[in-house]
Amino acid sequence: LELFYFYLITTLSIWVPGLGRDVPSVININTSFSYLLESSNLWYGRLGHVNYGSLRRLINMECLPKFDIDLNYKYEICVEAKLSKTSFHSIERSTEPLELIHSDICDFKSIQTRGGKKYFITFRDDYARYSYVCLIRTKDEVLETFIQYKNEVENQLGKKIKKLRSDRGGEYESSFGEFCKEHGIIHQTTAPYSLQQNGIAEKKSRTLKEKKNAMLISSVLPQNLWEKQYFLLILF
């Protein structure tokens, strides 16, 4: 059990209630069996299999210890967790915040978390690429979550949301569409089976799922613990 706690704290950087943030005293970190070398593969796994460019930036910002990055190393879990289609050509980007917001709702292998959450919804600004991600229990909470996001960003930036782009899911129709009309928001919907038309939001959802999938595969933890990795993943 002590070795398991040591693995959570040192390898996955998970805080264990009741143990504080230090390694348990029963484990002597000075002994050879518990000595860990800082490496690109270690931090690569800790940060949800983030790209090497982000690792370099974190090293330059002195957020991570210095270590060599082996660009020729192929991580098998990444191949398993991040398979995707070839990307489409990009289009012209917005010129100011809140001019266009991309939104998408997604689940994680239809697995419900221990907290009862099944979906996560993203709102991503086309200009700043700032992402707002929230976990929800049912798709009925989409409108309530959007209202919360709208009030926050409009109050902080002193601007109004002009357009919102989403797929044609039922959660974005009826009452959601009526709310957009009442507040002068142009609701753009994609054509059926054309995910590339809402590629900004779709890519963000895919990236979050890939990172969570990679971390769960490498840690061999239960699938319903994906909620615990959520706040770490949205930062990178």
# chains A, B, ... in the order shown; residues from 1 in each chain; ligands from 1
call {"tool": "select_by_dssp", "arguments": {"residues": "region 17-228 of chain A", "states": "strand (DSSP E)", "output": "MDAnalysis selection string"}}
result
chainID A and resid 101:107 119:125 131:136 163:166 186:189
call {"tool": "residues_around", "arguments": {"residues": "region 214-221 of chain A", "least_positions_apart": "5", "cutoff": "8 Å", "atoms": "only C-alpha atoms", "output": "mmCIF file with all heavy atoms, in the first residue's frame"}}
result
data_model
loop_
_atom_site.group_PDB
_atom_site.id
_atom_site.type_symbol
_atom_site.label_atom_id
_atom_site.label_comp_id
_atom_site.auth_asym_id
_atom_site.auth_seq_id
_atom_site.Cartn_x
_atom_site.Cartn_y
_atom_site.Cartn_z
ATOM 1 N N GLY A 45 4.554 11.456 -19.432
ATOM 2 C CA GLY A 45 3.418 10.716 -18.914
ATOM 3 C C GLY A 45 2.663 11.464 -17.838
ATOM 4 O O GLY A 45 1.440 11.408 -17.767
ATOM 5 N N ARG A 46 3.388 12.198 -16.985
ATOM 6 C CA ARG A 46 2.739 12.958 -15.903
ATOM 7 C C ARG A 46 1.773 14.005 -16.446
ATOM 8 O O ARG A 46 0.725 14.267 -15.856
ATOM 9 C CB ARG A 46 3.801 13.649 -15.057
ATOM 10 C CG ARG A 46 4.507 12.756 -14.043
ATOM 11 C CD ARG A 46 5.567 13.543 -13.295
ATOM 12 N NE ARG A 46 6.151 12.805 -12.193
ATOM 13 C CZ ARG A 46 7.150 13.253 -11.451
ATOM 14 N NH1 ARG A 46 7.689 14.435 -11.721
ATOM 15 N NH2 ARG A 46 7.617 12.532 -10.457
ATOM 16 N N GLY A 48 -0.006 13.997 -19.170
ATOM 17 C CA GLY A 48 -1.022 13.513 -20.095
ATOM 18 C C GLY A 48 -0.521 13.342 -21.503
ATOM 19 O O GLY A 48 -1.266 13.565 -22.454
ATOM 20 N N HIS A 49 0.780 12.987 -21.665
ATOM 21 C CA HIS A 49 1.382 12.754 -22.977
ATOM 22 C C HIS A 49 1.314 14.013 -23.835
ATOM 23 O O HIS A 49 0.891 13.994 -24.985
ATOM 24 C CB HIS A 49 0.702 11.571 -23.665
ATOM 25 C CG HIS A 49 0.858 10.281 -22.909
ATOM 26 N ND1 HIS A 49 1.654 9.251 -23.346
ATOM 27 C CD2 HIS A 49 0.355 9.881 -21.710
ATOM 28 C CE1 HIS A 49 1.617 8.262 -22.457
ATOM 29 N NE2 HIS A 49 0.836 8.629 -21.456
ATOM 30 N N ILE A 77 1.852 4.041 -26.314
ATOM 31 C CA ILE A 77 0.528 4.418 -25.808
ATOM 32 C C ILE A 77 -0.046 5.576 -26.618
ATOM 33 O O ILE A 77 -1.257 5.644 -26.843
ATOM 34 C CB ILE A 77 0.619 4.781 -24.317
ATOM 35 C CG1 ILE A 77 0.901 3.513 -23.503
ATOM 36 C CG2 ILE A 77 -0.666 5.438 -23.822
ATOM 37 C CD1 ILE A 77 1.063 3.754 -22.032
ATOM 38 N N CYS A 78 0.818 6.497 -27.082
ATOM 39 C CA CYS A 78 0.339 7.623 -27.889
ATOM 40 C C CYS A 78 -0.266 7.139 -29.202
ATOM 41 O O CYS A 78 -1.279 7.654 -29.672
ATOM 42 C CB CYS A 78 1.479 8.599 -28.179
ATOM 43 S SG CYS A 78 1.877 9.643 -26.792
ATOM 44 N N ALA A 81 -3.641 5.751 -28.344
ATOM 45 C CA ALA A 81 -4.647 6.681 -27.818
ATOM 46 C C ALA A 81 -4.956 7.852 -28.739
ATOM 47 O O ALA A 81 -5.988 8.496 -28.582
ATOM 48 C CB ALA A 81 -4.181 7.234 -26.464
ATOM 49 N N TRP A 226 -11.517 9.317 -14.840
ATOM 50 C CA TRP A 226 -11.077 10.342 -15.796
ATOM 51 C C TRP A 226 -11.411 11.750 -15.337
ATOM 52 O O TRP A 226 -10.748 12.713 -15.716
ATOM 53 C CB TRP A 226 -11.671 10.074 -17.177
ATOM 54 C CG TRP A 226 -13.170 10.159 -17.293
ATOM 55 C CD1 TRP A 226 -14.057 9.140 -17.178
ATOM 56 C CD2 TRP A 226 -13.961 11.320 -17.598
ATOM 57 N NE1 TRP A 226 -15.352 9.575 -17.370
ATOM 58 C CE2 TRP A 226 -15.322 10.914 -17.635
ATOM 59 C CE3 TRP A 226 -13.658 12.660 -17.847
ATOM 60 C CZ2 TRP A 226 -16.360 11.791 -17.903
ATOM 61 C CZ3 TRP A 226 -14.704 13.543 -18.120
ATOM 62 C CH2 TRP A 226 -16.034 13.107 -18.145
#
call {"tool": "closest_residue", "arguments": {"among": "A:Ile111, A:Ile105, A:Ile200, A:Ile121", "to": "Gly170 (chain A)", "atoms": "only C-alpha atoms"}}
result
A:Ile105
call {"tool": "select_by_dssp", "arguments": {"residues": "region 127-159 of chain A", "states": "helix (DSSP H, G or I)", "output": "NGL selection string"}}
result
:A and (139-157)
call {"tool": "residues_around", "arguments": {"residues": "Glu144 (chain A)", "least_positions_apart": "6", "cutoff": "12 Å", "atoms": "only C-alpha atoms", "output": "JSON, numbers by chain"}}
result
{"A": [121, 134, 136, 138, 150, 151, 171, 172, 175, 176, 179]}
call {"tool": "write_last_selection", "arguments": {"atoms": "N, CA and C atoms", "output": "PDB file, in the first residue's frame"}}
result
ATOM      1  N   ILE A 121     -18.378  19.697 -21.703  1.00  0.00           N
ATOM      2  CA  ILE A 121     -18.722  20.642 -22.760  1.00  0.00           C
ATOM      3  C   ILE A 121     -17.638  21.714 -22.839  1.00  0.00           C
ATOM      4  N   CYS A 134     -16.362  22.398 -18.909  1.00  0.00           N
ATOM      5  CA  CYS A 134     -17.155  22.102 -17.710  1.00  0.00           C
ATOM      6  C   CYS A 134     -17.712  20.687 -17.804  1.00  0.00           C
ATOM      7  N   ILE A 136     -20.610  17.959 -16.949  1.00  0.00           N
ATOM      8  CA  ILE A 136     -22.050  17.978 -16.702  1.00  0.00           C
ATOM      9  C   ILE A 136     -22.577  16.553 -16.611  1.00  0.00           C
ATOM     10  N   THR A 138     -25.968  15.589 -17.502  1.00  0.00           N
ATOM     11  CA  THR A 138     -26.830  15.298 -18.645  1.00  0.00           C
ATOM     12  C   THR A 138     -26.740  16.434 -19.651  1.00  0.00           C
ATOM     13  N   LYS A 150     -21.400  32.661 -20.677  1.00  0.00           N
ATOM     14  CA  LYS A 150     -21.701  33.949 -21.313  1.00  0.00           C
ATOM     15  C   LYS A 150     -21.616  35.098 -20.309  1.00  0.00           C
ATOM     16  N   ASN A 151     -22.225  34.949 -19.151  1.00  0.00           N
ATOM     17  CA  ASN A 151     -22.206  36.008 -18.143  1.00  0.00           C
ATOM     18  C   ASN A 151     -20.785  36.318 -17.685  1.00  0.00           C
ATOM     19  N   GLU A 171     -29.135  18.979 -28.096  1.00  0.00           N
ATOM     20  CA  GLU A 171     -28.902  19.846 -26.942  1.00  0.00           C
ATOM     21  C   GLU A 171     -28.698  21.299 -27.341  1.00  0.00           C
ATOM     22  N   TYR A 172     -28.371  21.549 -28.627  1.00  0.00           N
ATOM     23  CA  TYR A 172     -28.159  22.915 -29.111  1.00  0.00           C
ATOM     24  C   TYR A 172     -29.386  23.468 -29.850  1.00  0.00           C
ATOM     25  N   SER A 175     -34.694  25.220 -26.896  1.00  0.00           N
ATOM     26  CA  SER A 175     -34.524  26.311 -25.929  1.00  0.00           C
ATOM     27  C   SER A 175     -33.178  27.010 -26.085  1.00  0.00           C
ATOM     28  N   PHE A 176     -32.140  26.268 -26.475  1.00  0.00           N
ATOM     29  CA  PHE A 176     -30.824  26.878 -26.678  1.00  0.00           C
ATOM     30  C   PHE A 176     -30.872  27.863 -27.838  1.00  0.00           C
ATOM     31  N   PHE A 179     -32.747  31.010 -26.882  1.00  0.00           N
ATOM     32  CA  PHE A 179     -31.946  31.892 -26.034  1.00  0.00           C
ATOM     33  C   PHE A 179     -30.991  32.725 -26.884  1.00  0.00           C
TER      34      PHE A 179
END
call {"tool": "residues_around", "arguments": {"residues": "Gln112 (chain A)", "least_positions_apart": "2", "cutoff": "10 Å", "atoms": "only C-alpha atoms", "output": "list in words"}}
result
Asp107, Phe108, Lys109, Ser110, Arg114, Gly115, Gly116, Lys117, Lys118, Tyr119, Arg137, Gln223, Asn224, Leu225, Trp226 and Glu227 of chain A
call {"tool": "closest_residue", "arguments": {"among": "A:Asp68, A:Asp140, A:Glu62, A:Glu80", "to": "Glu210 (chain A)", "atoms": "only C-alpha atoms"}}
result
A:Glu80
call {"tool": "atom_distance", "arguments": {"atom1": "CA of Asn155 (chain A)", "atom2": "CA of Ser205 (chain A)"}}
result
25.7 Å
call {"tool": "residues_around", "arguments": {"residues": "Glu92 (chain A)", "least_positions_apart": "4", "cutoff": "12 Å", "atoms": "only C-alpha atoms", "output": "PyMOL selection string"}}
result
chain A and resi 100+126-127
call {"tool": "residues_around", "arguments": {"residues": "Leu55 (chain A)", "least_positions_apart": "3", "cutoff": "12 Å", "atoms": "only C-alpha atoms", "output": "VMD selection string"}}
result
chain A and resid 39 to 52 58 to 71 236
